[in-house]
file data-v8.cif (mmCIF, C-alpha atoms and all ligand atoms)
data_work
#
loop_
_atom_site.label_atom_id
_atom_site.label_comp_id
_atom_site.auth_asym_id
_atom_site.auth_seq_id
_atom_site.Cartn_x
_atom_site.Cartn_y
_atom_site.Cartn_z
CA MET N 1064 131.41 78.71 134.14
CA ASN N 1065 128.35 80.13 132.33
CA SER N 1066 128.03 82.68 135.12
CA LYS N 1067 131.70 83.64 134.73
CA PHE N 1068 131.16 84.19 130.98
CA ARG N 1069 128.21 86.47 131.74
CA GLY N 1070 130.15 88.24 134.49
CA THR N 1071 133.08 88.94 132.15
CA LEU N 1072 131.00 90.67 129.47
CA LEU N 1073 128.61 92.37 131.90
CA GLY N 1074 131.70 93.75 133.64
CA VAL N 1075 132.80 95.31 130.34
CA LEU N 1076 129.36 96.88 129.83
CA ILE N 1077 128.75 98.18 133.36
CA GLY N 1078 132.27 99.56 133.90
CA ASP N 1079 131.97 101.32 130.54
CA CYS N 1080 128.45 102.72 131.10
CA CYS N 1081 129.24 104.02 134.60
CA GLY N 1082 132.79 105.16 133.90
CA ALA N 1083 131.86 107.05 130.72
CA VAL N 1084 130.07 109.74 132.74
CA PHE N 1085 133.38 110.66 134.41
CA GLU N 1086 135.87 110.06 131.53
CA GLY N 1087 138.72 112.56 131.53
CA GLU N 1088 137.99 113.90 135.02
CA VAL N 1089 140.10 114.02 138.16
CA LEU N 1090 137.64 113.25 140.95
CA ASP N 1091 137.79 115.32 144.15
CA ALA N 1092 135.89 114.38 147.33
CA GLY N 1093 132.72 116.09 146.06
CA GLN N 1094 132.77 114.21 142.76
CA LYS N 1095 133.46 110.93 144.54
CA PHE N 1096 130.25 111.55 146.50
CA VAL N 1097 128.40 112.27 143.25
CA LEU N 1098 129.79 109.03 141.81
CA ARG N 1099 128.51 106.97 144.77
CA LYS N 1100 125.05 108.55 144.50
CA PHE N 1101 125.04 107.92 140.75
CA ILE N 1102 125.81 104.19 141.14
CA ASN N 1103 123.30 103.92 144.02
CA LYS N 1104 120.68 105.37 141.70
CA LEU N 1105 121.49 102.85 138.96
CA GLU N 1106 121.30 100.03 141.52
CA GLY N 1107 117.92 101.25 142.79
CA VAL N 1108 114.47 100.02 141.80
CA SER N 1109 113.06 103.45 141.10
CA PHE N 1110 115.54 104.48 138.36
CA THR N 1111 113.45 105.78 135.47
CA ALA N 1112 115.79 107.76 133.22
CA PRO N 1113 116.82 106.26 129.85
CA ARG N 1114 119.26 103.42 130.36
CA GLN N 1115 122.92 104.34 130.80
CA LYS N 1116 124.63 104.43 127.38
CA TYR N 1117 127.70 102.37 126.53
CA THR N 1118 130.64 103.71 124.50
CA ASP N 1119 133.24 102.37 122.04
CA ASP N 1120 134.56 99.93 124.67
CA THR N 1121 131.34 97.90 124.59
CA ALA N 1122 130.58 98.59 120.92
CA MET N 1123 133.87 97.01 119.84
CA THR N 1124 133.58 94.16 122.40
CA LYS N 1125 130.21 93.26 120.90
CA SER N 1126 131.80 93.14 117.43
CA VAL N 1127 134.54 90.78 118.64
CA ALA N 1128 132.02 88.47 120.35
CA ARG N 1129 129.72 88.42 117.32
CA CYS N 1130 132.55 87.62 114.90
CA LEU N 1131 134.04 84.88 117.10
CA LEU N 1132 130.60 83.27 117.06
CA LYS N 1133 130.01 83.64 113.35
CA TYR N 1134 133.25 83.24 111.40
CA ASP N 1135 136.00 80.68 111.04
CA GLU N 1136 139.70 81.38 111.53
CA LYS N 1137 140.25 82.40 107.89
CA SER N 1138 137.43 84.92 107.52
CA TYR N 1139 137.38 86.25 111.12
CA GLN N 1140 139.73 89.22 110.75
CA LYS N 1141 138.23 90.72 107.59
CA ASN N 1142 134.70 90.35 108.94
CA LEU N 1143 135.73 91.87 112.26
CA ALA N 1144 137.02 94.96 110.45
CA VAL N 1145 133.72 95.18 108.56
CA ASP N 1146 131.75 94.78 111.80
CA PHE N 1147 133.80 97.51 113.56
CA VAL N 1148 132.98 99.88 110.69
CA LYS N 1149 129.28 98.91 110.61
CA GLU N 1150 128.94 99.38 114.36
CA TYR N 1151 130.71 102.77 114.19
CA CYS N 1152 128.67 104.04 111.24
CA SER N 1153 125.31 102.74 112.39
CA SER N 1154 125.42 104.38 115.80
CA THR N 1155 122.99 107.25 116.12
CA THR N 1156 124.67 108.50 119.27
CA SER N 1157 128.31 109.51 119.89
CA ARG N 1158 130.18 106.57 121.38
CA GLY N 1159 133.38 108.50 122.23
CA TYR N 1160 135.78 106.64 119.92
CA GLY N 1161 139.44 107.69 119.93
CA ASP N 1162 140.33 110.25 117.26
CA GLY N 1163 142.84 107.99 115.54
CA VAL N 1164 140.55 104.99 115.38
CA GLN N 1165 137.73 107.09 113.89
CA ARG N 1166 139.97 108.22 111.02
CA LEU N 1167 141.08 104.63 110.54
CA LEU N 1168 137.56 103.18 110.36
CA VAL N 1169 136.60 105.79 107.76
CA THR N 1170 139.71 104.92 105.69
CA LEU N 1171 138.99 101.19 105.84
CA ARG N 1172 135.48 101.81 104.53
CA LYS N 1173 136.60 104.24 101.84
CA GLU N 1174 139.26 101.82 100.58
CA LYS N 1175 136.79 98.91 100.72
CA PHE N 1176 138.95 96.91 103.17
CA GLU N 1177 141.49 96.22 100.40
CA ASP N 1178 144.48 96.65 102.69
CA LEU N 1179 143.22 95.36 106.02
CA LEU N 1180 146.26 96.16 108.17
CA GLY N 1181 147.84 99.03 106.22
CA PRO N 1182 145.80 101.87 107.74
CA ALA N 1183 146.68 100.76 111.29
CA ARG N 1184 150.39 100.65 110.40
CA ASN N 1185 150.19 104.15 108.94
CA GLN N 1186 148.57 105.67 112.04
CA PHE N 1187 150.48 108.33 113.98
CA ASN N 1188 153.26 108.81 111.37
CA GLY N 1189 153.83 105.10 111.01
CA THR N 1190 154.24 104.33 114.73
CA GLY N 1191 150.78 102.74 115.09
CA SER N 1192 148.38 103.34 117.95
CA PHE N 1193 149.46 102.66 121.53
CA GLY N 1194 145.91 103.41 122.74
CA ASN N 1195 144.04 100.95 124.95
CA GLY N 1196 141.39 100.27 122.28
CA ALA N 1197 142.69 96.77 121.53
CA ALA N 1198 142.78 95.82 125.24
CA MET N 1199 139.35 97.27 126.05
CA ARG N 1200 137.60 94.93 123.55
CA ILE N 1201 139.60 91.73 124.15
CA SER N 1202 137.55 89.91 126.80
CA PRO N 1203 135.55 87.73 124.34
CA VAL N 1204 138.90 86.36 123.15
CA SER N 1205 139.72 85.25 126.71
CA LEU N 1206 136.36 83.46 126.87
CA TYR N 1207 136.93 81.84 123.49
CA CYS N 1208 140.44 80.72 124.51
CA VAL N 1209 139.67 79.52 128.02
CA ASN N 1210 140.74 75.96 127.16
CA LYS N 1211 143.26 76.84 124.45
CA SER N 1212 147.07 77.16 124.45
CA ASP N 1213 148.95 80.42 125.00
CA ASP N 1214 150.04 80.43 121.36
CA PHE N 1215 146.43 80.12 120.16
CA LEU N 1216 145.46 83.04 122.42
CA PHE N 1217 148.41 85.21 121.28
CA ASP N 1218 147.48 84.60 117.65
CA LEU N 1219 143.81 85.49 118.16
CA VAL N 1220 144.66 88.57 120.21
CA GLY N 1221 146.96 89.64 117.36
CA LYS N 1222 144.24 89.17 114.71
CA THR N 1223 141.73 91.06 116.88
CA SER N 1224 144.11 93.94 117.67
CA GLU N 1225 146.16 94.65 114.56
CA ILE N 1226 143.22 95.94 112.50
CA THR N 1227 143.44 99.14 114.55
CA HIS N 1228 146.60 98.89 116.67
CA ALA N 1229 150.03 98.28 115.12
CA ASN N 1230 152.15 99.59 117.99
CA VAL N 1231 153.58 96.86 120.24
CA ILE N 1232 152.35 98.71 123.34
CA GLY N 1233 148.76 98.60 122.07
CA ILE N 1234 148.95 94.91 121.12
CA ASN N 1235 150.80 93.77 124.26
CA GLY N 1236 148.24 95.63 126.38
CA ALA N 1237 145.58 93.43 124.78
CA ILE N 1238 147.69 90.32 125.46
CA LEU N 1239 148.08 91.31 129.13
CA GLN N 1240 144.35 91.92 129.61
CA ALA N 1241 143.48 88.67 127.75
CA LEU N 1242 145.86 86.61 129.92
CA ALA N 1243 144.70 88.35 133.11
CA ILE N 1244 141.05 87.48 132.39
CA ARG N 1245 141.77 83.91 131.30
CA GLU N 1246 143.73 83.20 134.50
CA VAL N 1247 140.82 84.17 136.75
CA LEU N 1248 138.25 82.42 134.53
CA LYS N 1249 140.10 79.17 135.11
CA LEU N 1250 140.01 79.44 138.93
CA GLU N 1251 137.50 77.08 140.46
CA SER N 1252 137.18 78.75 143.86
CA ASP N 1253 137.01 82.38 144.90
CA ASP N 1254 140.41 82.04 146.51
CA LEU N 1255 142.99 83.97 144.49
CA ASP N 1256 146.63 84.04 145.52
CA VAL N 1257 147.34 87.61 144.39
CA ASN N 1258 151.12 87.29 144.61
CA ASN N 1259 151.16 84.13 142.60
CA TYR N 1260 148.84 85.64 140.00
CA VAL N 1261 151.09 88.68 139.49
CA THR N 1262 154.16 86.41 139.33
CA ASN N 1263 152.54 84.37 136.53
CA LEU N 1264 151.71 87.50 134.52
CA LEU N 1265 155.25 88.79 135.10
CA GLU N 1266 156.80 85.51 133.93
CA SER N 1267 154.71 85.62 130.75
CA PHE N 1268 155.71 89.22 130.09
CA LYS N 1269 159.40 88.65 130.72
CA LYS N 1270 159.27 86.24 127.76
CA ILE N 1271 157.08 88.49 125.61
CA GLU N 1272 159.21 91.58 126.17
CA LYS N 1273 162.55 89.88 125.67
CA GLY N 1274 163.71 90.83 122.16
CA GLU N 1275 166.87 90.44 120.18
CA ASP N 1276 168.82 93.22 118.51
CA GLU N 1277 172.18 93.39 116.76
CA PHE N 1278 173.96 93.35 120.14
CA GLY N 1279 172.26 90.12 121.25
CA ILE N 1280 169.49 89.68 123.78
CA HIS N 1281 168.04 92.89 125.21
CA GLU N 1282 165.13 93.53 127.48
CA GLN N 1283 162.32 95.91 126.62
CA LYS N 1284 160.90 96.56 130.05
CA PHE N 1285 157.49 98.04 129.46
CA TYR N 1286 154.67 95.96 130.94
CA THR N 1287 157.24 94.05 133.02
CA GLU N 1288 158.13 97.28 134.82
CA GLN N 1289 154.48 98.21 135.28
CA LEU N 1290 153.72 94.76 136.73
CA GLU N 1291 156.65 95.15 139.12
CA GLY N 1292 155.29 98.56 140.17
CA MET N 1293 151.87 96.96 140.68
CA ARG N 1294 153.33 94.25 142.91
CA LYS N 1295 155.04 96.89 145.07
CA LEU N 1296 151.77 98.81 145.45
CA LEU N 1297 149.88 95.62 146.38
CA ASN N 1298 152.46 94.68 149.01
CA LYS N 1299 152.58 98.07 150.75
CA GLU N 1300 151.65 97.94 154.42
CA ILE N 1301 149.78 101.22 154.19
CA LEU N 1302 147.14 101.32 151.47
CA PRO N 1303 148.47 103.60 148.67
CA SER N 1304 146.55 106.80 147.97
CA ASP N 1305 144.80 107.33 144.61
CA GLU N 1306 147.46 109.88 143.70
CA GLU N 1307 150.30 107.43 144.37
CA VAL N 1308 148.60 104.71 142.28
CA VAL N 1309 148.09 107.11 139.36
CA ASN N 1310 151.69 108.38 139.64
CA ILE N 1311 153.09 104.86 139.41
CA LEU N 1312 150.64 103.08 137.06
CA GLY N 1313 148.89 105.94 135.21
CA HIS N 1314 145.27 106.41 134.13
CA SER N 1315 145.49 107.52 130.50
CA VAL N 1316 144.30 106.16 127.13
CA ASN N 1317 147.80 104.73 126.58
CA ALA N 1318 147.51 100.95 127.07
CA LEU N 1319 150.73 100.88 129.10
CA TYR N 1320 149.24 103.35 131.57
CA SER N 1321 145.77 101.84 131.88
CA VAL N 1322 145.78 98.03 131.48
CA PRO N 1323 148.05 97.43 134.54
CA THR N 1324 145.99 100.04 136.42
CA ALA N 1325 142.78 98.09 135.74
CA ILE N 1326 144.37 94.84 136.91
CA TYR N 1327 145.60 96.65 140.03
CA CYS N 1328 142.06 97.92 140.77
CA PHE N 1329 140.77 94.35 140.66
CA LEU N 1330 143.59 92.86 142.80
CA ARG N 1331 143.55 95.64 145.41
CA ASN N 1332 139.84 95.00 145.99
CA VAL N 1333 140.32 91.21 146.04
CA ASN N 1334 142.86 91.75 148.84
CA LEU N 1335 140.61 94.15 150.72
CA LEU N 1336 137.43 92.06 150.48
CA LYS N 1337 138.68 88.56 151.20
CA GLY N 1338 135.69 87.47 153.29
CA ASN N 1339 133.23 89.75 151.55
CA ARG N 1340 133.17 88.73 147.91
CA GLU N 1341 129.61 89.97 147.27
CA LYS N 1342 130.90 93.54 147.58
CA LEU N 1343 133.75 93.04 145.09
CA PHE N 1344 131.97 94.22 141.92
CA ARG N 1345 130.57 97.45 143.31
CA SER N 1346 133.74 98.23 145.22
CA THR N 1347 136.03 97.71 142.20
CA LEU N 1348 133.69 99.69 139.95
CA GLU N 1349 133.71 102.67 142.29
CA TYR N 1350 137.43 102.50 142.99
CA ALA N 1351 138.42 102.32 139.30
CA ILE N 1352 136.33 105.39 138.46
CA CYS N 1353 137.67 107.29 141.50
CA LEU N 1354 141.18 107.10 139.97
CA GLY N 1355 139.96 109.46 137.22
CA GLY N 1356 141.38 109.79 133.69
CA ASP N 1357 140.24 107.07 131.28
CA THR N 1358 137.51 105.98 133.70
CA ASP N 1359 135.21 104.10 131.31
CA THR N 1360 138.00 101.93 129.97
CA ILE N 1361 139.78 101.28 133.27
CA ALA N 1362 136.49 100.48 135.05
CA SER N 1363 135.39 98.31 132.12
CA MET N 1364 138.61 96.26 132.13
CA ALA N 1365 138.70 96.01 135.96
CA CYS N 1366 135.02 94.96 136.23
CA SER N 1367 135.48 92.40 133.47
CA LEU N 1368 138.16 90.79 135.66
CA VAL N 1369 135.80 90.78 138.67
CA GLY N 1370 133.03 89.21 136.58
CA ALA N 1371 135.40 86.54 135.27
CA PHE N 1372 136.44 85.81 138.84
CA THR N 1373 133.10 85.71 140.68
CA GLY N 1374 130.51 85.29 137.94
CA ASP N 1375 127.46 87.51 137.48
CA SER N 1376 125.60 86.59 140.69
CA ILE N 1377 127.26 89.36 142.72
CA ILE N 1378 126.29 92.10 140.25
CA ALA N 1379 123.24 94.08 141.36
CA LYS N 1380 120.31 93.06 139.14
CA ASN N 1381 119.09 96.64 138.73
CA LEU N 1382 122.55 97.82 137.71
CA ILE N 1383 122.49 95.23 134.90
CA LYS N 1384 118.96 96.22 133.91
CA HIS N 1385 119.78 99.93 133.82
CA CYS N 1386 122.68 99.62 131.36
CA GLU N 1387 121.95 99.78 127.62
CA SER N 1388 121.86 96.43 125.75
CA SER N 1389 122.50 94.23 128.80
CA GLU N 1390 120.16 91.57 127.35
CA GLU N 1391 122.27 91.43 124.17
CA ILE N 1392 125.46 91.15 126.24
CA ILE N 1393 124.00 88.21 128.21
CA GLU N 1394 122.93 86.55 124.97
CA LEU N 1395 126.42 86.91 123.47
CA SER N 1396 128.00 85.49 126.67
CA ASP N 1397 125.66 82.49 126.63
CA LYS N 1398 126.32 81.79 122.96
CA LEU N 1399 130.09 81.99 123.49
CA TYR N 1400 129.74 79.60 126.42
CA GLU N 1401 127.79 77.21 124.23
CA ILE N 1402 130.33 77.12 121.40
CA VAL N 1403 133.34 76.91 123.74
CA PHE N 1404 131.85 74.00 125.68
CA SER N 1405 129.89 72.35 122.83
CA GLU N 1406 132.51 69.62 122.55
CA ILE N 1407 131.97 68.76 126.21
CA PHE N 1408 128.18 68.85 125.82
CA LYS N 1409 128.42 66.38 122.90
CA LYS N 1410 130.27 63.78 125.04
N1 LIG N 1501 139.06 108.49 123.19
C1 LIG N 1501 138.38 108.35 124.19
N2 LIG N 1501 138.05 109.39 124.99
C2 LIG N 1501 138.45 110.74 124.78
C3 LIG N 1501 137.67 111.34 123.67
C4 LIG N 1501 136.21 111.36 123.93
C5 LIG N 1501 135.45 111.83 122.71
N3 LIG N 1501 136.06 112.92 122.04
C6 LIG N 1501 134.03 112.15 123.10
O1 LIG N 1501 133.77 112.54 124.23
O2 LIG N 1501 133.16 111.97 122.25
N4 LIG N 1501 137.89 107.16 124.59
C7 LIG N 1501 138.04 105.96 123.88
O3 LIG N 1501 139.37 105.90 123.35
C8 LIG N 1501 140.21 105.00 124.09
C9 LIG N 1501 140.60 103.88 123.18
O4 LIG N 1501 141.34 104.46 122.15
P1 LIG N 1501 141.83 103.66 120.86
O5 LIG N 1501 140.75 102.81 120.34
O6 LIG N 1501 143.10 103.01 121.19
O7 LIG N 1501 141.98 104.87 119.86
P2 LIG N 1501 143.24 105.59 119.17
O8 LIG N 1501 142.67 106.76 118.48
O9 LIG N 1501 143.98 104.60 118.37
O10 LIG N 1501 144.16 106.04 120.40
C10 LIG N 1501 143.66 106.89 121.40
C11 LIG N 1501 144.50 108.15 121.51
O11 LIG N 1501 145.81 107.83 121.99
C12 LIG N 1501 146.76 108.73 121.40
N5 LIG N 1501 147.76 107.91 120.66
C13 LIG N 1501 147.68 106.60 120.37
N6 LIG N 1501 148.78 106.18 119.73
C14 LIG N 1501 149.58 107.24 119.59
C15 LIG N 1501 150.87 107.43 119.01
N7 LIG N 1501 151.57 106.44 118.45
N8 LIG N 1501 151.42 108.69 119.07
C16 LIG N 1501 150.72 109.71 119.66
N9 LIG N 1501 149.51 109.59 120.22
C17 LIG N 1501 148.93 108.36 120.19
C18 LIG N 1501 145.98 109.66 120.49
O12 LIG N 1501 145.66 110.81 121.20
C19 LIG N 1501 144.72 108.86 120.19
O13 LIG N 1501 143.60 109.64 119.84
C20 LIG N 1501 139.37 104.53 125.24
O14 LIG N 1501 139.58 105.37 126.34
C21 LIG N 1501 137.95 104.72 124.75
O15 LIG N 1501 137.05 104.89 125.82
MG MG N 1502 134.89 104.60 125.72
MG MG N 1503 141.00 101.11 118.73
MG MG N 1504 137.95 105.36 127.68
#
call {"tool": "encode", "arguments": {"input": "data-v8.cif", "output": "structure tokens"}}
result
Amino acid sequence: MNSKFRGTLLGVLIGDCCGAVFEGEVLDAGQKFVLRKFINKLEGVSFTAPRQKYTDDTAMTKSVARCLLKYDEKSYQKNLAVDFVKEYCSSTTSRGYGDGVQRLLVTLRKEKFEDLLGPARNQFNGTGSFGNGAAMRISPVSLYCVNKSDDFLFDLVGKTSEITHANVIGINGAILQALAIREVLKLESDDLDVNNYVTNLLESFKKIEKGEDEFGIHEQKFYTEQLEGMRKLLNKEILPSDEEVVNILGHSVNALYSVPTAIYCFLRNVNLLKGNREKLFRSTLEYAICLGGDTDTIASMACSLVGAFTGDSIIAKNLIKHCESSEEIIELSDKLYEIVFSEIFKK
């Protein structure tokens, strides 16, 4: 399990560091070649350039992990907001934060965190952010909740998300990614029944997206529809093209059009590499970036799922070494593992 904890957070870091170089691009055959060469270089022994920089995806994930380790339930949310702001302000390099979230972090600081959730609710004319920023940083919550109930996980995802994301799409994207990671963390073998896995996520989301209005029960089919689209893509006899995948699932900063895409990247490669698990990390990393668009975030979320599934042993050692702050990420994973399993150690 310790290896799975490390794999989860190293997946976040490596997907982010590698994907960031291509964020916002649509990759043609030439750029896909450049991408392969770039990852080969990072996996090589002779790489000498400064380490590959991480972006907001990893910066905010580190804050979540640190605060889960340090604070109790009551003081967690306030301190997380403070840590997000500290991390944002202390960075000497541009970490590519979303425009909305940058304005929000500045407001929180200016208003001395008096109204913790107000600024997020006021974002985008009161609609709140539907960006994937809450989902991209959620993996430490999955680790923390590996042995906890769904309700405990939903509550902690909410506390972690609503500081910056008030829109239901942004928050539910974080719930989907958190559940997706926790499910694979709990698997004891490397045998994943992909159909069953998607069915479980769908069942959870049918409940989450069922709301009530003045006319009685109504269905809000957002992630449910995306998960159904994902299942169709996974069951196709002919492997869908990148274009088809992007047309159906999307590849943007909107959580609805990136969280299911990341899960699809993971599951497609699980299906393709059944007897070849040691290739799963590299293959998923490359595939997620090849889809273009929000490459750092989609690769980060997809690789986090791979790491949670296989553990860190299949990740090339040099790739880990050549990404900024990988030692700190390993340390945070190990500390989370220790507190989550400390009760078991005591017995
Ligand atoms: N933002 C980026 N990348 C593009 C910019 C790069 C940067 N300028 C640079 O190169 O330095 N990447 C990072 O942002 C995504 C996570 O975003 P998050 O944290 O959710 O931020 P935000 O600002 O809340 O939302 C992102 C954008 O989505 C649009 N949006 C969100 N809610 C909206 C709403 N209700 N109505 C209209 N638009 C909405 C806005 O354009 C936001 O700016 C990750 O990709 C991360 O890597
Ligand atoms: Mg980023
Ligand atoms: Mg955000
Ligand atoms: Mg991104």
call {"tool": "closest_residue", "arguments": {"input": "data-v8.cif", "among": "N:Met1293, N:Val1145, N:Ala1112, N:Val1316", "to": "ligand MG 1503 (chain N)", "atoms": "all atoms listed in the file"}}
result
N:Val1316
call {"tool": "atom_distance", "arguments": {"input": "data-v8.cif", "atom1": "CA of Gly1196 (chain N)", "atom2": "atom C14 of ligand LIG 1501 (chain N)"}}
result
11.1 Å
call {"tool": "closest_atom_pairs", "arguments": {"input": "data-v8.cif", "of": "region 1159-1265 of chain N", "to": "region 1379-1398 of chain N", "cutoff": "12 Å", "atoms": "only C-alpha atoms", "output": "Markdown table"}}
result
| residue | atom | partner | partner_atom | distance |
| --- | --- | --- | --- | --- |
| N:Ser1202 | CA | N:Ser1396 | CA | 10.5 |
| N:Pro1203 | CA | N:Ser1396 | CA | 8.2 |
| N:Val1204 | CA | N:Ser1396 | CA | 11.5 |
| N:Ser1205 | CA | N:Ser1396 | CA | 11.7 |
| N:Leu1206 | CA | N:Ser1396 | CA | 8.6 |
| N:Tyr1207 | CA | N:Ser1396 | CA | 10.2 |
call {"tool": "write_last_selection", "arguments": {"input": "data-v8.cif", "atoms": "C-alpha atoms", "output": "JSON list (two decimals), in the frame of the given file"}}
result
[["chain", "number", "residue", "atom", "x", "y", "z"],
["N", 1202, "SER", "CA", 137.55, 89.91, 126.80],
["N", 1203, "PRO", "CA", 135.55, 87.73, 124.34],
["N", 1204, "VAL", "CA", 138.90, 86.36, 123.15],
["N", 1205, "SER", "CA", 139.72, 85.25, 126.71],
["N", 1206, "LEU", "CA", 136.36, 83.46, 126.87],
["N", 1207, "TYR", "CA", 136.93, 81.84, 123.49]]
call {"tool": "atom_distance", "arguments": {"input": "data-v8.cif", "atom1": "CA of Leu1090 (chain N)", "atom2": "CA of Thr1358 (chain N)"}}
result
10.3 Å
call {"tool": "residues_near_ligand", "arguments": {"input": "data-v8.cif", "ligand": "ligand LIG 1501 (chain N)", "cutoff": "6 Å", "atoms": "all atoms listed in the file", "output": "list in words"}}
result
Asp1119, Asp1120, Ser1157, Gly1159, Tyr1160, Gly1161, Asp1162, Gly1163, Val1164, Phe1187, Thr1190, Gly1191, Ser1192, Phe1193, Gly1194, Asn1195, Gly1196, Val1316, Asn1317, Asp1357, Asp1359 and Thr1360 of chain N
call {"tool": "closest_residue", "arguments": {"input": "data-v8.cif", "among": "N:Lys1149, N:Lys1295, N:Lys1269, N:Arg1158", "to": "ligand MG 1502 (chain N)", "atoms": "only C-alpha atoms and all ligand atoms"}}
result
N:Arg1158
call {"tool": "residues_around", "arguments": {"input": "data-v8.cif", "residues": "region 1283-1286 of chain N", "least_positions_apart": "6", "cutoff": "9 Å", "atoms": "all atoms listed in the file", "output": "ChimeraX atom specification"}}
result
/N:1232,1235-1236,1239,1265,1268-1269,1272-1274,1319,1323
call {"tool": "closest_residue", "arguments": {"input": "data-v8.cif", "among": "N:Thr1373, N:Asn1185, N:Ser1224, N:Ser1315", "to": "ligand MG 1502 (chain N)", "atoms": "all atoms listed in the file"}}
result
N:Ser1315
call {"tool": "closest_residue", "arguments": {"input": "data-v8.cif", "among": "N:Leu1290, N:Gly1370, N:Val1089, N:Met1364", "to": "ligand MG 1504 (chain N)", "atoms": "all atoms listed in the file"}}
result
N:Met1364
call {"tool": "closest_residue", "arguments": {"input": "data-v8.cif", "among": "N:Arg1340, N:Arg1331, N:Arg1200, N:Lys1211", "to": "ligand MG 1503 (chain N)", "atoms": "all atoms listed in the file"}}
result
N:Arg1200
call {"tool": "axis_aligned_box", "arguments": {"input": "data-v8.cif", "around": "region 1171-1180 of chain N", "padding_each_side": "8 Å", "output": "AutoDock Vina command-line options"}}
result
--center_x 140.9 --center_y 99.8 --center_z 104.3 --size_x 26.8 --size_y 24.9 --size_z 23.8
call {"tool": "closest_residue", "arguments": {"input": "data-v8.cif", "among": "N:Ile1361, N:Leu1336, N:Leu1343, N:Leu1098", "to": "ligand MG 1502 (chain N)", "atoms": "all atoms listed in the file"}}
result
N:Ile1361
call {"tool": "atom_distance", "arguments": {"input": "data-v8.cif", "atom1": "CA of Leu1354 (chain N)", "atom2": "CA of Ser1154 (chain N)"}}
result
29.0 Å
call {"tool": "residues_around", "arguments": {"input": "data-v8.cif", "residues": "Glu1349 (chain N)", "least_positions_apart": "4", "cutoff": "10 Å", "atoms": "all atoms listed in the file", "output": "number ranges by chain"}}
result
N: 1078, 1081-1082, 1095, 1098-1099, 1102, 1328, 1344-1345, 1353-1354, 1358, 1362, 1366
call {"tool": "residues_near_point", "arguments": {"input": "data-v8.cif", "point": "(149.8, 83.7, 136.4)", "cutoff": "12 Å", "atoms": "only C-alpha atoms", "output": "JSON, numbers by chain"}}
result
{"N": [1213, 1239, 1240, 1241, 1242, 1243, 1244, 1245, 1246, 1247, 1248, 1249, 1250, 1255, 1256, 1257, 1258, 1259, 1260, 1261, 1262, 1263, 1264, 1265, 1266, 1267, 1268, 1290]}
call {"tool": "residues_around", "arguments": {"input": "data-v8.cif", "residues": "Leu1312 (chain N)", "least_positions_apart": "4", "cutoff": "8 Å", "atoms": "all atoms listed in the file", "output": "ChimeraX atom specification"}}
result
/N:1289,1292-1293,1308,1320-1321,1323-1324
call {"tool": "residues_around", "arguments": {"input": "data-v8.cif", "residues": "Gly1074 (chain N)", "least_positions_apart": "2", "cutoff": "9 Å", "atoms": "only C-alpha atoms", "output": "ChimeraX atom specification"}}
result
/N:1069-1072,1076-1079,1344,1348,1362-1371,1375,1378
